[in-house]
Structure formats: structure tokens, C-alpha cells
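Structure record follows, encoded as C-alpha cells.
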Protein chains: 2
Amino acid sequence: MPMKLNELPTPALVVDLDRLENNIEQMANRADQLGVRLRPHVKTHKCLEIGRMQLAAGAAGITVSTLEEARAFADGGFDDITWAFPVIPSRCEEAAFLAGRVNLGVVVDSREAVAALGAMGFPFKTWLKVDCGYHRAGVAPEGADLGEVARSIVDAGLRFAGILSHSGDAYDVTTDEARAAVAESERATLVSAAARLTTMGIPVPDLSVGSTPAMTAARSLTDVSEARPGNYAYFDRVQVALGSCTLGDCALSVVSSVVSAAAGHSVCDAGALVLSKDDGPADGSMGEVWSEYETHQLDSRLRVVGLSQEHGRLSASVPVGTRLRILPNHACLTSACFGSVHAVRGGDVQATWQVWNER
Amino acid sequence: MPMKLNELPTPALVVDLDRLENNIEQMANRADQLGVRLRPHVKTHKCLEIGRMQLAAGAAGITVSTLEEARAFADGGFDDITWAFPVIPSRCEEAAFLAGRVNLGVVVDSREAVAALGAMGFPFKTWLKVDCGYHRAGVAPEGADLGEVARSIVDAGLRFAGILSHSGDAYDVTTDEARAAVAESERATLVSAAARLTTMGIPVPDLSVGSTPAMTAARSLTDVSEARPGNYAYFDRVQVALGSCTLGDCALSVVSSVVSAAAGHSVCDAGALVLSKDDGPADGSMGEVWSEYETHQLDSRLRVVGLSQEHGRLSASVPVGTRLRILPNHACLTSACFGSVHAVRGGDVQATWQVWNER
């Protein structure tokens with residue numbers, strides 16, 4: 001007899017299977033329409049089972065953010081993995097070991113990282129990260145580094161996989177139009193960087209872009225090879241605020257219990273180590289509450305307005321013992337707070353999956 | 001041959017043993033001078049080894065924030081544990097099972113919680129939480145609930161352990177004087193609540209207070225039985241800002257590598273899942289950097305100014321491969337990001353301890 005949603009000990013991480021399946025299918029369709037391969041970022045869920053659902057829907061491999069994730073998925077049978085984080089020099093040996101087991105792509109944006117990889121004597125499949133406007137990491141598309149670092153990859157005996165970017169700036173705008181413009185700017189910048197490299201005699205095998213808000217709005221990805229969105233599997237309050245999805249697409253929630261009630265507020269068992277301290281849309285809400293488990297609507301009277309380590313402060317008084325379903329601000333960080341996630345359909349728990357969140 | 005600090009793969013969680021030992025000794029002395037038993041909150045470190053050091057220094061048991069912590073420490077041989085979080089109704093059965101193995105104290109502030117405990121048919125050692133000014137959880141010291149919930153504990157066949165508070169409001173003030181005033185207000189409120197209960201014919205066996213900033217400033221804890229500070233084992237940027245400690249007391253740090261460098265900033269491998277998104281003193285800094293591993297001084301040019309899931313944005317450009325030692329804003333949340341912590345003395349790693357952070 002399957003466990004029921006309303007019997008789960010709290011706090012519990014829950015994914016709605018109907019929505020998860022729909023999100024996976026919709027993004028697979030979108031990648032097809034845009035003519036790109038999909039390489040989902042599994043840092044969002046860190047679940048082998050969900051990664052397998054994404055592969056079954058046509059994904060051409062996965063993206064990870066840490067070597068721990070890469071190892072967990074390699075152990076789970078995934079054999080085409082991009083570690084989409086600038087290589088950590090002290091961990092090249094671990095990366096080489098893993099690259100001997102599976103097809104592992106690594107990312108660099110500096111000569112120092114290329115040298116660290118080169119010193120391993122292993123022909124790493126190496127992506128050059130290009131800054132397409134987010135200004136976090138990546139070589140400038142117009143500068144001298146683009147050609148010089150690309151050439152150093154080849155000279156170091158590494159395999160040049162192509163150029164890669166992350167359109168994190170799509171999180172800074174709030175209309176479909178603006179997200180589409182970010183996606184187009186990322187595409188155009190990457191295509192022009194590839195043209196520059198080709199002119200220098202460095203052929204660029206592949207162009208890889210990524211971010212959920214850009215992928216939900218992109219009009220064209222002509223000349224791009226693959227996309228690496230991650231959050232779309234779950235969606236969250238941030239994505240609703242951006243317009244990447246509707247409330248009815250949000251698949252991840254935390255089931256929590258009210259444990260203390262005063263006149264003007266109450267306290268639940270979803271604190272900072274359950275929801276994360278991500279302030280999301282920065283509207284003062286650390287999480288919203290679904291109305292009576294009716295997950296197409298939010299309870300307008302009730303929000304999570306403060307978090308300490310294990311306490312979540314609610315904006316109104318609710319009786320002790322009340323069970324809430326909380327929509328998190330940032331699904332990726334909330335998911336990483338838990339060692340497992342319960343997959344539910346309606347009121348039934350159909351499976352419990354490990355979240356590979358170790359570090 | 002022991003591993004060296006400068007050889008640890010990054011990101012790595014590191015505790016300085018000299019400082020940890022000193023912090024444990026200082027707080028044990030303080031509790032002695034104030035005439036209270038010490039029951040350290042282990043949610044800060046979640047390490048059996050550090051808990052044992054605290055017991056060896058005279059602590060009279062431990063405090064935990066979750067049942068998972070309680071179980072891990074019970075399995076590790078700790079037999080006197082207070083779960084200092086308002087009882088979660090759906091988890092009373094787990095609590096009863098654990099209370100059959102070790103001396104477990106639980107906390108309530110509502111009739112609903114008392115009823116949930118009472119339904120287990122187990123004579124739980126039960127603390128009544130009193131709100132001494134922090135206004136998060138706890139019955140009001142002056143209201144009718146104080147006597148009514150206390151009496152319901154007795155009537156439900158539970159063992160009334162006494163009254164308990166948390167001076168979280170000591171985090172809202174910034175001078176020794178003001179923290180001492182919060183500590184005195186907590187003490188006086190609890191003593192007067194105990195007197196009210198005694199008058200009603202409900203004897204109060206023990207009075208328990210807690211918070212690191214209050215304990216570092218308290219002038220007197222007359223009539224209080226025990227204190228439950230936790231953070232003091234590690235200290236952090238928040239405690240330095242409060243004046244609870246000096247920079248030279250901070251025992252916890254994250255060793256991180258610079259992985260990408262641009263003209264005006266760089267990126268390290270300590271992101272939100274390494275440092276937590278706690279904004280600490282809310283001064284725009286998500287972590288400070290120690291000057292050249294000289295841990296009595298901060299590098300005034302370099303701060304962590306932004307966090308995404310795995311990326312930490314640094315305020316200045318530092319060469320790729322540079323190793324940094326980052327002082328976190330909030331040691332408890334940073335510690336919980338890791339599955340293990342390296343105990344170092346000078347440049348040597350002397351031990352690696354498990355952090356029991358599962359949920």
C-alpha cells in the first residue's frame with residue numbers, strides 16, 4: 001500500500017509527477033522545435049531517476065555542476081556528462097579518473113585551467129566558456145583571450161569541444177520579449193565568437209547555450225548545437241515571477257507542519273536548512289503556501305516571511321499541526337537541502353528517490 | 001603522513017583545532033562562573049567528535065534541532081539530549097522510539113503538541129517553551145497559556161522538565177551592554193514565569209536559557225539551571241559583528257579556489273551550496289577572505305559579493321588557482337552544507353570528521 005502525501009513525516013520534499021513529466025516533455029519538444037540537442041542540468045534535482053526520464057524524453061546527455069554529481073550519475077549509468085563549472089585546479093586528477101570511465105566534458109576560461117588539465121596527460125574533452133553578457137565567468141567574445149585560450153586548449157593536447165555560455169542575465173528581466181532578447185543576444189554572441197575562432201583557423205565543433213528562462217522564450221537557436229537548461233524540471237517561484245512558467249507548472253514543494261502559533265504569526269518546520277535562504281524574487285517572501293493543497297492557487301493570507309536554521313516564520317496564525325505545502329523560491333537550492341524526494345501523483349506517494357547532494 | 005591544509009581538494013570545510021578547543025574551554029568556564037550547567041547546541045557542528053570534546057569539558061548533555069541530529073548523536077553514544085524545537089506532531093512516534101533509548105527532552109508551547117505527545121503513551125521529559133522577548137515561539141510569560149499548557153503537560157502523563165527559552169533577540173543588538181541586557185531580561189522573565197507556575201501549584205524543576213550572544217555577555221544567571229549556546233564552538237562573521245567574539249576566535253572557514261578571473265572580479269568554487277545564502281550582518285558581504293591564510297586579519301581588498309549555486313563572486317580579480325580561506329557569515333548553515341569537516345592545526349590536517357547533515 002503506497003504511503004499518502006498527507007502521512008509523510010515533515011518536513012518532506014515532494015515532486016508532483018504529472019507536472020514533472022509535463023515539464024520534461026515540454027522542454028524536449030521545445031529543443032526539437034528549436035533544432036538543438038537538450039543536455040539538461042541535473043544540479044536542479046540531483047536524482048538519477050529524473051535524469052533517466054530526461055534521457056528517455058530524448059536528452060543527449062546531462063550537465064552537472066560538481067564532480068560529486070558527476071560521479072553519482074556516472075555510477076548510475078550516465079555516460080555523457082558535461083561538468084559545466086570552470087575546472088577547479090586541485091581536482092583535475094579526480095576529473096581525469098572520471099573521464100577515463102565516462103565521456104566527460106570539462107569547461108575552462110583561462111590558461112591556468114588549461115595548464116592544470118594539460119598536466120594530467122589526458123585528452124580532456126574541453127569546452128571554452130564565453131561570456132555572452134552575464135559577466136560571471138567566461139572569456140570576452142571580442143577580446144584576445146578567446147583565440148589564445150582556445151589555441152592553448154589544442155596546444156595542450158586537449159580535445160576542443162566547442163564554446164559554451166550561460167545566459168544567467170535572463171534572470172534579470174521580466175517579460176517574454178526581454179528573455180527572448182537575452183536568448184538571441186547569447187546565440188548571436190556565441191555564433192560570432194565561433195566565426196572569429198574559425199577565421200583564426202580553430203574550428204568550433206559545437207556551440208552550447210543554457211538557462212531555463214532563456215530556453216522558455218528563445219525564438220531561434222540557429223547554428224547552436226545544444227542547450228543546457230536545468231530548473232525547468234521543477235520550476236519555482238523565481239521562474240513564475242520571470243514568466244518562464246505558470247504556478248501550475250511548479251512541480252516541487254515542501255510539505256511542512258505548523259509547530260507553534262501565536263496571535264499574529266506562526267512557525268513551521270521549514271527553516272533555512274529546508275527551503276534555503278534564497279530570497280527569490282526579493283519580495284520579502286521566503287516561500288509561498290498553496291491553498292489547502294490545491295496547487296493551482298496560493299493562499300493569499302499566508303507566506304513564509306522569515307527563516308532561521310530550522311524555523312520558518314509564517315505571516316499569519318495557523319493552528320499547530322496544520323500541514324502546509326510550500327512553494328520554494330529556488331527549487332535547485334531547496335532540493336539540495338534534502339537527501340530524498342517523494343514522487344507523488346495526486347495524494348499518493350509513488351516512489352522515493354535519492355537526492356545525490358553529498359559534498 | 002597527515003594531509004596538508006594547502007593540499008585539500010576545494011571547496012573544503014575546515015575547523016582550526018586550537019580555536020575550537022579554546023572556544024569550548026572558554027564557554028565551559030563561563031558556564032561555571034555563572035553557575036549554570038552547559039548543554040551545547042550541536043546543530044552548529046553536527047559532529048560527534050566535537051560533541052565529545054564539549055562533554056569532556058564538562059557539558060551536561062547536548063541540545064539538537066532535529067530528530068536526525070538526535071538519532072545520529074544517540075547512535076554515537078550521547079545519552080542526554082534535548083530536542084529544542086517545538087514538537088512536530090507527525091514525528092511523535094519517532095521521538096517516542098528514541099526516548100526509549102536515551103534520555104530525550106522535548107519542547108512544546110501548545111496544547112496540540114501536548115496532545116500529540118500524550119497520545120504516544122510515553123512519559124516524555126517535556127519542556128515548556130516560554131517567549132522571553134524574541135517573539136518566534138513560546139507561550140507568553142504573562143498570559144493564561146503559561147499555566148494551562150504546563151498543567152496539560154502534567155495531566156497528559158508527561159514529565160514536566162521545566163521552562164525553556166531562546167534569546168534570539170540578542171542577535172538584534174550590537175553592544176556588550178545591550179546583549180547583557182537581553183540576557184538579564186531573558187533570565188528575569190523566565191524566573192518570574194517559574195514563580196507564577198509555582199504559585200499555581202506547578203513546581204518547575206529546571207530553567208533553561210540559550211544563545212551564544214547572550215551567553216558571552218550575561219552578567220548573572222541566578223536561578224537559571226542550564227544554558228544552551230551553540231554557535232560559540234565555531235563563531236563566525238555575525239558573531240564578530242555582534243561583538244560576541246573577535247576575528248581570532250573564529251574557528252570555521254571554507255578553503256576555496258579561484259576558478260575564473262576577469263578584469264574587475266573573479267569567481268571561486270564557494271557558492272550558495274557551500275557558504276549558504278545567509279547574508280549575515282547584511283553588509284553586502286556573503287563571506288570575507290583571510291589575508292594569505294593569516295587568520296587574524298581579513299584581506300581588505302577581497303570579499304565574496306555574490307553567490308549562485310556553485311559560484312562565489314569575488315570583489316576583485318585574483319589569479320585562477322589562488323587558494324582562499326573564507327570566513328562564513330553563519331557557521332551553522334555553512335557547516336550543514338558539508339558532509340565532513342577537516343580539523344587542522346597550523347597547516348596540518350589532523351582529522352576528518354563526519355558532519356551529520358542528513359535530512
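If you're wondering about the labels, chains in the C-alpha cells are A, B, ... by order shown, residues count from 1 in each chain, ligands from 1 in order shown.
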Tell me, as a ChimeraX atom specification, which residues lie within 12 Å of B:Met27, counting only C-alpha atoms; anything in the same chain fewer than 6 positions away does not count. /B:20-21,33-34,36-40,54,57-59,211-218,227-235,244-245
Produce a file of the selected residues containing C-alpha atoms, as a CSV table (one decimal), in the first residue's frame.
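Dumped to result39.csv:
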chain,number,residue,atom,x,y,z
B,20,LEU,CA,37.8,25.2,18.7
B,21,GLU,CA,39.4,23.9,21.9
B,33,GLN,CA,31.4,31.2,36.6
B,34,LEU,CA,27.7,31.9,36.0
B,36,VAL,CA,24.8,27.0,35.2
B,37,ARG,CA,25.1,23.7,33.5
B,38,LEU,CA,26.1,23.8,29.9
B,39,ARG,CA,24.1,21.9,27.3
B,40,PRO,CA,25.7,23.0,24.0
B,54,GLN,CA,32.2,19.6,24.8
B,57,ALA,CA,34.9,19.9,29.1
B,58,GLY,CA,32.0,19.5,31.4
B,59,ALA,CA,28.9,19.8,29.4
B,211,SER,CA,22.0,31.8,22.7
B,212,THR,CA,25.7,32.5,22.1
B,213,PRO,CA,25.5,36.3,22.0
B,214,ALA,CA,23.6,36.3,25.3
B,215,MET,CA,25.9,33.8,27.0
B,216,THR,CA,29.0,35.8,26.0
B,217,ALA,CA,27.6,38.9,27.7
B,218,ALA,CA,25.5,37.7,30.6
B,227,ALA,CA,22.3,27.3,29.1
B,228,ARG,CA,22.2,26.1,25.5
B,229,PRO,CA,24.5,28.2,23.3
B,230,GLY,CA,25.7,26.5,20.1
B,231,ASN,CA,27.5,28.9,17.7
B,232,TYR,CA,30.3,29.6,20.1
B,233,ALA,CA,32.2,26.4,19.1
B,234,TYR,CA,32.9,27.9,15.7
B,235,PHE,CA,31.8,31.6,15.9
B,244,SER,CA,30.4,38.1,20.9
B,245,CYS,CA,33.9,37.2,19.8
Which residues of chain A come within 6 Å of chain B, and what is each one's closest atom pair and distance in Å (one decimal), counting only C-alpha atoms, sorted by chain and residue number, as a Markdown table?
| residue | atom | partner | partner_atom | distance |
| --- | --- | --- | --- | --- |
| A:Pro9 | CA | B:Ser90 | CA | 5.4 |
| A:Pro86 | CA | B:Val259 | CA | 5.7 |
| A:Ile88 | CA | B:Val259 | CA | 5.8 |
| A:Pro89 | CA | B:Gly321 | CA | 5.9 |
| A:Ser90 | CA | B:Pro9 | CA | 5.4 |
| A:Ala137 | CA | B:Ser260 | CA | 6.0 |
| A:Val259 | CA | B:Pro86 | CA | 5.7 |
| A:Ser260 | CA | B:Ala137 | CA | 6.0 |
| A:Lys277 | CA | B:Lys277 | CA | 5.1 |
| A:Asp278 | CA | B:Lys277 | CA | 6.0 |
| A:Gly321 | CA | B:Pro89 | CA | 6.0 |
| A:Phe338 | CA | B:Arg359 | CA | 5.5 |
| A:Gly339 | CA | B:Arg359 | CA | 5.8 |
| A:Arg359 | CA | B:Phe338 | CA | 5.5 |
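From atom CA of B:Val102 back to atom CA of B:Val341, the distance works out to 26.5 Å.
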Across B:Leu67, B:Ala282, B:Ala150, B:Leu252, the smallest distance to B:Met200, with only C-alpha atoms counted, is shown by B:Ala150
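Take atom CA of A:Gly346 and atom CA of A:Pro281: the distance between them is 28.3 Å.
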